[in-house]
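J.: I have a structure here, written as structure tokens, and I will follow up with some questions on it.
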Amino acid sequence: MNLSVVGFGGIPLQGLPFSEAEKILKHAVDNGINFFDSARGYTDSEEKIGRALENRRNDIYLASKAMARDAAGMKRELEASLRNLRTEMIDLYQFHAVGNEKQLERVLGPGGAYEALQKAREEGKVRWIGITGHSRDIMLKAVETGRFDTAQFPFNPIETEWADKVIPAAQKGNIGTIGMKPVAGGAIRNAALSIRFTLTEGIDVSIPGMDAIKQVDENCTAGKTLERLTGEELELLRAEKELWGEQFCRRCGYCMPCPNGLNIPFLLLIEAYYTRYGLKDWALSRLSGLPQSYSDCAACGDCMPKCPYSLPIPELMEKAVGIVV
Ligand code: SF4
Ligand code: SF4
């Protein structure tokens, strides 16, 4: 694939009406973005991409992913992606969020999901097979098997722990690296700088999520200059990183749903903006629009094993009660 260095992360499309998503997606293609990444798990994101870009199919590369770990399940998911994306072939199909050794073995073992994608490749329904995840050790193992064409993981100025082993191993194996969350789920305010950081630290394609024309323009600009960051620019990012510390939510949404109806990532974002950026009015107005708040957390712990960053979510909710409300 000959990809634009900035690709389009499809998560935020979920929150947009079809007409708005179409405008943004077309604007992205018109401005040089040619890689669009979605997932079966992003509700109607695939459908929006399929509908908006059906007539631009020859100008773009499509990627999607699914959580299925067995062959039969993966076959079904792929067929649904093909329908939603309105295409006969998806350029890159990925195993979504492979989080532990057992899952990786299941995917690659007899009757595993890999078999389904291998067959789909023989049938011309898929060109390349990739893997995505948040665990550095698992990704390293996956890359070292030599069975994947691409590896997708979070990479941004806060999450740089992939640089020492995973990126060099991928480069050695000629495996493409796709950087998700290049602005740390919106945590880094200087998006252009953050994206340029990822691209000059070894990521092949950086895929920020976009839900506004302005973001598309900013992100496209970020990909135009691939000079390494100056000392001053690195200092700016270091200061942002310090502001967030280790315990911050990347808004991946894996902890959801909460049985008590809490919108966990949004509540954690509101608290972070309130305390770290001092956006008190913004935070309180957003909070007033939510049906559930921090104090509605029953500390059941359901969310914790699902968080790839091991955040102590109930503890963070309890802390926020004393801060934000
Ligand atoms: S611990 Fe709180 S936030 Fe987490 S699932 Fe339970 S009620 Fe929801
Ligand atoms: S709390 Fe963890 S799982 Fe939930 S959105 Fe944040 S980082 Fe993701």
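Note on naming: chains are A, B, ... as they come in the structure tokens, residues start from 1 per chain, ligands start from 1 in the order shown.
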Could you make a table, as a Markdown table, of the residues of chain A that have an atom within 10 Å of an atom of ligand 1, each with its nearest atom pair and distance in Å to one decimal, counting only C-alpha atoms and all ligand atoms, in chain and number order?
T.:
```
| residue | atom | partner | partner_atom_place_in_ligand_line | distance |
| --- | --- | --- | --- | --- |
| A:Cys255 | CA | ligand 1 | 5 (S) | 7.4 |
| A:Met256 | CA | ligand 1 | 5 (S) | 7.5 |
| A:Pro257 | CA | ligand 1 | 5 (S) | 7.2 |
| A:Cys258 | CA | ligand 1 | 5 (S) | 4.1 |
| A:Pro259 | CA | ligand 1 | 5 (S) | 5.7 |
| A:Asn260 | CA | ligand 1 | 7 (S) | 5.1 |
| A:Gly261 | CA | ligand 1 | 8 (Fe) | 6.8 |
| A:Leu262 | CA | ligand 1 | 8 (Fe) | 5.7 |
| A:Asn263 | CA | ligand 1 | 3 (S) | 7.9 |
| A:Ile264 | CA | ligand 1 | 3 (S) | 6.0 |
| A:Pro265 | CA | ligand 1 | 3 (S) | 9.5 |
| A:Leu267 | CA | ligand 1 | 3 (S) | 9.5 |
| A:Ser293 | CA | ligand 1 | 3 (S) | 9.6 |
| A:Tyr294 | CA | ligand 1 | 3 (S) | 8.0 |
| A:Ser295 | CA | ligand 1 | 2 (Fe) | 8.9 |
| A:Asp296 | CA | ligand 1 | 7 (S) | 6.9 |
| A:Cys297 | CA | ligand 1 | 2 (Fe) | 3.8 |
| A:Ala298 | CA | ligand 1 | 7 (S) | 4.3 |
| A:Ala299 | CA | ligand 1 | 1 (S) | 3.8 |
| A:Cys300 | CA | ligand 1 | 6 (Fe) | 4.0 |
| A:Gly301 | CA | ligand 1 | 1 (S) | 3.9 |
| A:Asp302 | CA | ligand 1 | 5 (S) | 4.4 |
| A:Cys303 | CA | ligand 1 | 5 (S) | 4.3 |
| A:Met304 | CA | ligand 1 | 4 (Fe) | 6.5 |
| A:Pro305 | CA | ligand 1 | 4 (Fe) | 9.7 |
| A:Lys306 | CA | ligand 1 | 5 (S) | 9.6 |
| A:Cys307 | CA | ligand 1 | 4 (Fe) | 10.0 |
| A:Pro312 | CA | ligand 1 | 1 (S) | 8.7 |
| A:Ile313 | CA | ligand 1 | 4 (Fe) | 5.9 |
| A:Pro314 | CA | ligand 1 | 1 (S) | 4.6 |
| A:Glu315 | CA | ligand 1 | 1 (S) | 8.3 |
| A:Leu316 | CA | ligand 1 | 3 (S) | 9.1 |
| A:Met317 | CA | ligand 1 | 3 (S) | 7.1 |
| A:Glu318 | CA | ligand 1 | 2 (Fe) | 9.1 |
```
J.: Those same residues - N, CA and C atoms - I'd like them written as a short mmCIF file (atom, residue, chain, number, x, y, z; two decimals), in the first residue's frame.
T.:
```
data_model
loop_
_atom_site.label_atom_id
_atom_site.label_comp_id
_atom_site.auth_asym_id
_atom_site.auth_seq_id
_atom_site.Cartn_x
_atom_site.Cartn_y
_atom_site.Cartn_z
N CYS A 255 -13.85 -0.14 28.55
CA CYS A 255 -14.45 -0.38 29.88
C CYS A 255 -15.97 -0.38 29.82
N MET A 256 -16.53 0.07 28.72
CA MET A 256 -17.99 0.22 28.61
C MET A 256 -18.62 -1.10 28.14
N PRO A 257 -19.91 -1.35 28.38
CA PRO A 257 -20.81 -0.45 29.11
C PRO A 257 -20.70 -0.63 30.62
N CYS A 258 -21.05 0.41 31.34
CA CYS A 258 -21.10 0.34 32.80
C CYS A 258 -22.51 -0.06 33.19
N PRO A 259 -22.68 -1.07 34.05
CA PRO A 259 -24.04 -1.50 34.42
C PRO A 259 -24.86 -0.39 35.07
N ASN A 260 -24.19 0.62 35.60
CA ASN A 260 -24.93 1.73 36.22
C ASN A 260 -25.14 2.91 35.27
N GLY A 261 -24.77 2.71 34.02
CA GLY A 261 -25.04 3.73 33.00
C GLY A 261 -24.07 4.89 32.99
N LEU A 262 -22.93 4.77 33.64
CA LEU A 262 -21.97 5.89 33.62
C LEU A 262 -21.24 5.91 32.28
N ASN A 263 -21.09 7.09 31.72
CA ASN A 263 -20.27 7.25 30.53
C ASN A 263 -18.83 7.47 31.02
N ILE A 264 -18.15 6.34 31.27
CA ILE A 264 -16.86 6.40 31.98
C ILE A 264 -15.84 7.31 31.28
N PRO A 265 -15.55 7.09 29.96
CA PRO A 265 -14.52 7.94 29.35
C PRO A 265 -14.87 9.42 29.39
N LEU A 267 -16.82 11.02 31.56
CA LEU A 267 -16.72 11.53 32.94
C LEU A 267 -15.26 11.76 33.32
N SER A 293 -23.62 10.64 37.07
CA SER A 293 -22.39 11.35 37.41
C SER A 293 -21.48 10.45 38.26
N TYR A 294 -20.41 11.04 38.74
CA TYR A 294 -19.40 10.28 39.48
C TYR A 294 -19.99 9.54 40.68
N SER A 295 -20.91 10.21 41.38
CA SER A 295 -21.46 9.62 42.61
C SER A 295 -22.36 8.41 42.32
N ASP A 296 -22.73 8.20 41.05
CA ASP A 296 -23.55 7.04 40.70
C ASP A 296 -22.72 5.76 40.54
N CYS A 297 -21.40 5.88 40.63
CA CYS A 297 -20.54 4.68 40.55
C CYS A 297 -20.75 3.84 41.80
N ALA A 298 -21.12 2.57 41.59
CA ALA A 298 -21.37 1.68 42.73
C ALA A 298 -20.11 0.91 43.12
N ALA A 299 -18.99 1.25 42.50
CA ALA A 299 -17.72 0.57 42.76
C ALA A 299 -17.83 -0.95 42.58
N CYS A 300 -18.62 -1.37 41.59
CA CYS A 300 -18.80 -2.81 41.36
C CYS A 300 -17.53 -3.44 40.78
N GLY A 301 -16.70 -2.63 40.13
CA GLY A 301 -15.43 -3.13 39.60
C GLY A 301 -15.55 -3.83 38.25
N ASP A 302 -16.74 -3.88 37.65
CA ASP A 302 -16.93 -4.54 36.34
C ASP A 302 -16.00 -3.96 35.27
N CYS A 303 -15.77 -2.68 35.34
CA CYS A 303 -15.01 -2.00 34.29
C CYS A 303 -13.51 -2.25 34.36
N MET A 304 -13.01 -2.52 35.56
CA MET A 304 -11.55 -2.52 35.73
C MET A 304 -10.78 -3.55 34.90
N PRO A 305 -11.20 -4.81 34.88
CA PRO A 305 -10.42 -5.76 34.06
C PRO A 305 -10.48 -5.45 32.57
N LYS A 306 -11.45 -4.61 32.16
CA LYS A 306 -11.58 -4.31 30.73
C LYS A 306 -10.67 -3.16 30.30
N CYS A 307 -10.13 -2.43 31.25
CA CYS A 307 -9.30 -1.26 30.91
C CYS A 307 -7.87 -1.71 30.60
N PRO A 312 -7.61 2.56 37.96
CA PRO A 312 -8.50 2.25 39.08
C PRO A 312 -9.78 3.07 38.95
N ILE A 313 -10.65 2.69 38.04
CA ILE A 313 -11.78 3.55 37.65
C ILE A 313 -12.68 3.95 38.85
N PRO A 314 -13.13 2.97 39.69
CA PRO A 314 -13.99 3.41 40.80
C PRO A 314 -13.30 4.42 41.72
N GLU A 315 -12.00 4.23 41.90
CA GLU A 315 -11.24 5.17 42.74
C GLU A 315 -11.21 6.56 42.09
N LEU A 316 -11.05 6.59 40.78
CA LEU A 316 -11.01 7.88 40.08
C LEU A 316 -12.38 8.57 40.14
N MET A 317 -13.44 7.74 40.09
CA MET A 317 -14.80 8.30 40.18
C MET A 317 -15.01 8.91 41.57
N GLU A 318 -14.55 8.19 42.57
CA GLU A 318 -14.73 8.66 43.94
C GLU A 318 -13.95 9.96 44.17
#
```
J.: Please list as a list in words every residue within 7 Å of Thr198 of chain A, counting only C-alpha atoms and excluding residues in the same chain fewer than 5 positions away.
T.: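 Skipping anything fewer than 5 positions along the chain leaves Phe155, Asn156, Pro182, Ile203 and Ser206 of chain A.
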J.: Closest to Val183 of chain A among A:Val143, A:Leu229, A:Leu237, A:Leu290, using only C-alpha atoms?
T.: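 Smallest distance to Val183 of chain A is found for A:Leu237.
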J.: So that I can check the secondary structure, give me every residue of segment 23-190 of chain A assigned alpha helix (DSSP H) by backbone DSSP, as a PyMOL selection string.
T.: chain A and resi 23-30+45-53+71-84+101-108+113-122+136-145+166-172
J.: Please report as a Markdown table every residue of segment 11-120 of chain A lying within 10 Å of segment 214-219 of chain A, along with the nearest atom pair and their distance in Å (one decimal), using only C-alpha atoms.
T.:
```
| residue | atom | partner | partner_atom | distance |
| --- | --- | --- | --- | --- |
| A:Ile24 | CA | A:Val216 | CA | 7.5 |
| A:Leu25 | CA | A:Val216 | CA | 8.9 |
| A:His27 | CA | A:Val216 | CA | 7.6 |
| A:Ala28 | CA | A:Val216 | CA | 6.1 |
| A:Val29 | CA | A:Val216 | CA | 9.8 |
| A:Asn31 | CA | A:Asp217 | CA | 7.8 |
| A:Ile33 | CA | A:Val216 | CA | 8.9 |
```
